[in-house]
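Below: the structure, in structure tokens.
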Amino acid sequence: MTNGEWRMGDEAGPFIRHSKFDIRHCHDSTLVIAGFSAKVDAKMASLIRAVFDFLFPGECRVCRTIVREAPTPFFCAACWGRIEILRGPWCPLCGEPYASPVAGDHLCPACETRLPPFDRAISACRHDGVVAEAIHLFKYAKKIGLGRPLGRILTDALPRPLASDLVVPVPLHSRRLREREYNQSLI
């Protein structure tokens with residue numbers, strides 16, 4: 001710590017490495033631990049993280065194994081590696097995946113009955129297991145360190161070349177913004 005002053009409420013920085021405490025080392029050399037922050041250099045932040053990992057080892061939110069070093073916060077590499085990116089076939093309008101791998105791309109019954117109010121949606125993966133837990137932590141438990149790994153899943157699922165002019169985040173209602181204190185689609 002360079003200034004020795006801790007402040008409550010700093011939420012800057014996308015990097016969270018521990019499953020029991022929110023620990024972030026921000027680009028401006030601020031270390032945030034469980035809502036308290038202090039200015040530290042990278043070596044000190046790394047040392048503090050190592051001490052927390054040793055004293056309070058995190059556990060995977062799915063299989064509950066001890067996680068000391070994982071590429072994704074809150075999940076072991078084995079569980080995170082089980083996430084399956086959908087490659088089709090799916091409905092070309094709403095993105096609903098079909099159960100059969102030989103179904104072909106055709107409109108699903110819901111879109112045939114009533115066309116959605118958008119041109120196209122893409123499903124990156126099924127909303128279950130590891131993905132459901134990660135999204136729940138990200139949206140409702142303020143674990144913003146999952147923003148980048150979840151974003152990578154989304155970008156990996158986008159078709160190349162992208163046949164769209166624009167990709168936009170889904171707007172968050174002001175009431176939800178007050179509840180969550182941040183718009184997860186902008187992270």
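Quick note on naming: the chains in the structure tokens go A, B, ... in the order shown, residues restart at 1 in each chain, and ligands are numbered from 1 in order of appearance.
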Select from range 87-182 of chain A every residue with an atom at most 9 Å from any atom of range 62-65 of chain A, then for each give the shortest pair of atoms and their distance in Å to one decimal, using only C-alpha atoms, rows by chain and rising number, as JSON lines.
{"residue": "A:Gly129", "atom": "CA", "partner": "A:Val62", "partner_atom": "CA", "distance": 7.8}
{"residue": "A:Val130", "atom": "CA", "partner": "A:Val62", "partner_atom": "CA", "distance": 6.6}
{"residue": "A:Glu133", "atom": "CA", "partner": "A:Val62", "partner_atom": "CA", "distance": 7.8}
- Task: Can you list, as a PyMOL selection string, all residues belonging to range 48-149 of chain A that DSSP tags as helix (DSSP H, G or I)?
- Result: chain A and resi 48-55+77-81+109-113+129-140+144-149
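Residue nearest Ala99 in chain A within the list A:Pro159, A:Arg126, A:Phe75, A:Arg176: A:Arg126 [criterion: smallest interatomic distance, only C-alpha atoms].
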- Task: For Leu172 in chain A, work out the shell of residues within 12 Å, counting only C-alpha atoms and skipping chain neighbours fewer than 6 positions away, then give it as a list of chain:residue names.
- Result: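 In the requested format, the answer is A:Lys139, A:Arg178, A:Glu179, A:Arg180, A:Glu181, A:Tyr182, A:Asn183, A:Gln184, A:Ser185, A:Leu186.
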Convert the current residue selection to file output with N, CA, C and O atoms, as a PDB file, in the first residue's frame.
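result12.pdb, freshly written:
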ATOM      1  N   LYS A 139     -24.734 -11.670 -13.009  1.00  0.00           N
ATOM      2  CA  LYS A 139     -25.852 -10.735 -12.978  1.00  0.00           C
ATOM      3  C   LYS A 139     -26.314 -10.371 -11.576  1.00  0.00           C
ATOM      4  O   LYS A 139     -26.626  -9.213 -11.310  1.00  0.00           O
ATOM      5  N   ARG A 178     -30.841  -0.058 -10.745  1.00  0.00           N
ATOM      6  CA  ARG A 178     -30.750   0.306  -9.326  1.00  0.00           C
ATOM      7  C   ARG A 178     -30.520  -0.925  -8.453  1.00  0.00           C
ATOM      8  O   ARG A 178     -29.745  -0.895  -7.506  1.00  0.00           O
ATOM      9  N   GLU A 179     -31.168  -2.046  -8.780  1.00  0.00           N
ATOM     10  CA  GLU A 179     -31.003  -3.277  -7.997  1.00  0.00           C
ATOM     11  C   GLU A 179     -29.588  -3.842  -8.134  1.00  0.00           C
ATOM     12  O   GLU A 179     -28.968  -4.218  -7.152  1.00  0.00           O
ATOM     13  N   ARG A 180     -29.084  -3.919  -9.376  1.00  0.00           N
ATOM     14  CA  ARG A 180     -27.789  -4.562  -9.638  1.00  0.00           C
ATOM     15  C   ARG A 180     -26.612  -3.605  -9.516  1.00  0.00           C
ATOM     16  O   ARG A 180     -25.482  -4.036  -9.396  1.00  0.00           O
ATOM     17  N   GLU A 181     -26.866  -2.316  -9.664  1.00  0.00           N
ATOM     18  CA  GLU A 181     -25.857  -1.261  -9.579  1.00  0.00           C
ATOM     19  C   GLU A 181     -24.925  -1.200 -10.783  1.00  0.00           C
ATOM     20  O   GLU A 181     -23.968  -0.435 -10.771  1.00  0.00           O
ATOM     21  N   TYR A 182     -25.136  -1.992 -11.791  1.00  0.00           N
ATOM     22  CA  TYR A 182     -24.354  -1.926 -13.032  1.00  0.00           C
ATOM     23  C   TYR A 182     -25.136  -2.635 -14.132  1.00  0.00           C
ATOM     24  O   TYR A 182     -26.008  -3.451 -13.853  1.00  0.00           O
ATOM     25  N   ASN A 183     -24.839  -2.298 -15.377  1.00  0.00           N
ATOM     26  CA  ASN A 183     -25.472  -2.936 -16.527  1.00  0.00           C
ATOM     27  C   ASN A 183     -24.520  -3.998 -17.056  1.00  0.00           C
ATOM     28  O   ASN A 183     -23.506  -3.685 -17.674  1.00  0.00           O
ATOM     29  N   GLN A 184     -24.831  -5.256 -16.794  1.00  0.00           N
ATOM     30  CA  GLN A 184     -23.928  -6.343 -17.156  1.00  0.00           C
ATOM     31  C   GLN A 184     -23.713  -6.458 -18.657  1.00  0.00           C
ATOM     32  O   GLN A 184     -22.665  -6.936 -19.086  1.00  0.00           O
ATOM     33  N   SER A 185     -24.618  -6.002 -19.470  1.00  0.00           N
ATOM     34  CA  SER A 185     -24.424  -6.119 -20.914  1.00  0.00           C
ATOM     35  C   SER A 185     -23.418  -5.116 -21.457  1.00  0.00           C
ATOM     36  O   SER A 185     -22.975  -5.219 -22.590  1.00  0.00           O
ATOM     37  N   LEU A 186     -23.024  -4.128 -20.652  1.00  0.00           N
ATOM     38  CA  LEU A 186     -22.025  -3.148 -21.088  1.00  0.00           C
ATOM     39  C   LEU A 186     -20.613  -3.516 -20.646  1.00  0.00           C
ATOM     40  O   LEU A 186     -19.654  -2.842 -21.031  1.00  0.00           O
TER      41      LEU A 186
END
- List the neighbours of Trp90 in chain A out to 9 Å using only C-alpha atoms; skip same-chain residues closer than 6 positions along the sequence, and give me the result as a list in words.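 With the cut-off at 9 Å, the set is Glu96, Pro97, Tyr98, Ala99, Ala103, Gly104, Asp105, His106, Leu107, Cys108, Ile122 and Ser123 of chain A.
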Could the residues in this selection be written to a file with C-alpha atoms, as a compact mmCIF listing (two decimals), in the first residue's frame?
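Contents of part-v6.txt, as written:
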# COMPACT_ATOMS: atom_id res chain seq x y z
CA GLU A 96 -33.23 -21.71 -30.62
CA PRO A 97 -31.04 -24.83 -30.98
CA TYR A 98 -32.58 -27.99 -32.35
CA ALA A 99 -32.19 -31.30 -30.49
CA ALA A 103 -32.44 -31.02 -38.28
CA GLY A 104 -31.14 -28.40 -40.71
CA ASP A 105 -31.74 -24.69 -40.42
CA HIS A 106 -35.46 -23.95 -40.62
CA LEU A 107 -37.87 -21.79 -38.65
CA CYS A 108 -38.82 -23.21 -35.29
CA ILE A 122 -27.77 -16.23 -31.87
CA SER A 123 -27.54 -18.76 -29.03
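Checking A:Ala124, A:Ile83, A:Val170, A:Ala45 one by one against Ile187 in chain A, counting only C-alpha atoms, you find the shortest gap at A:Val170.
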- Message: From the options A:Ala157, A:Val51, A:Cys111, A:Leu137, which residue's atoms come nearest to Leu86 in chain A, counting only C-alpha atoms?
- Response: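 For Leu86 in chain A, the nearest of the candidates is A:Ala157.
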- Looking at A:Arg87, A:His127, A:Arg114, A:Lys143, which one is nearest to Asp156 in chain A, with distances taken over only C-alpha atoms?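 Counting only C-alpha atoms, the residue closest to Asp156 in chain A is A:Arg87.
Scanning range 22-186 of chain A with DSSP on the backbone, the strand (DSSP E or B) assignments fall on Ile23, Arg24, His25, Thr30, Leu31, Val32, Ile33, Phe36, Ser37, Ala38, Lys39, Gly58, Glu59, Ile66, Val67, Trp90 and Pro97 of chain A.
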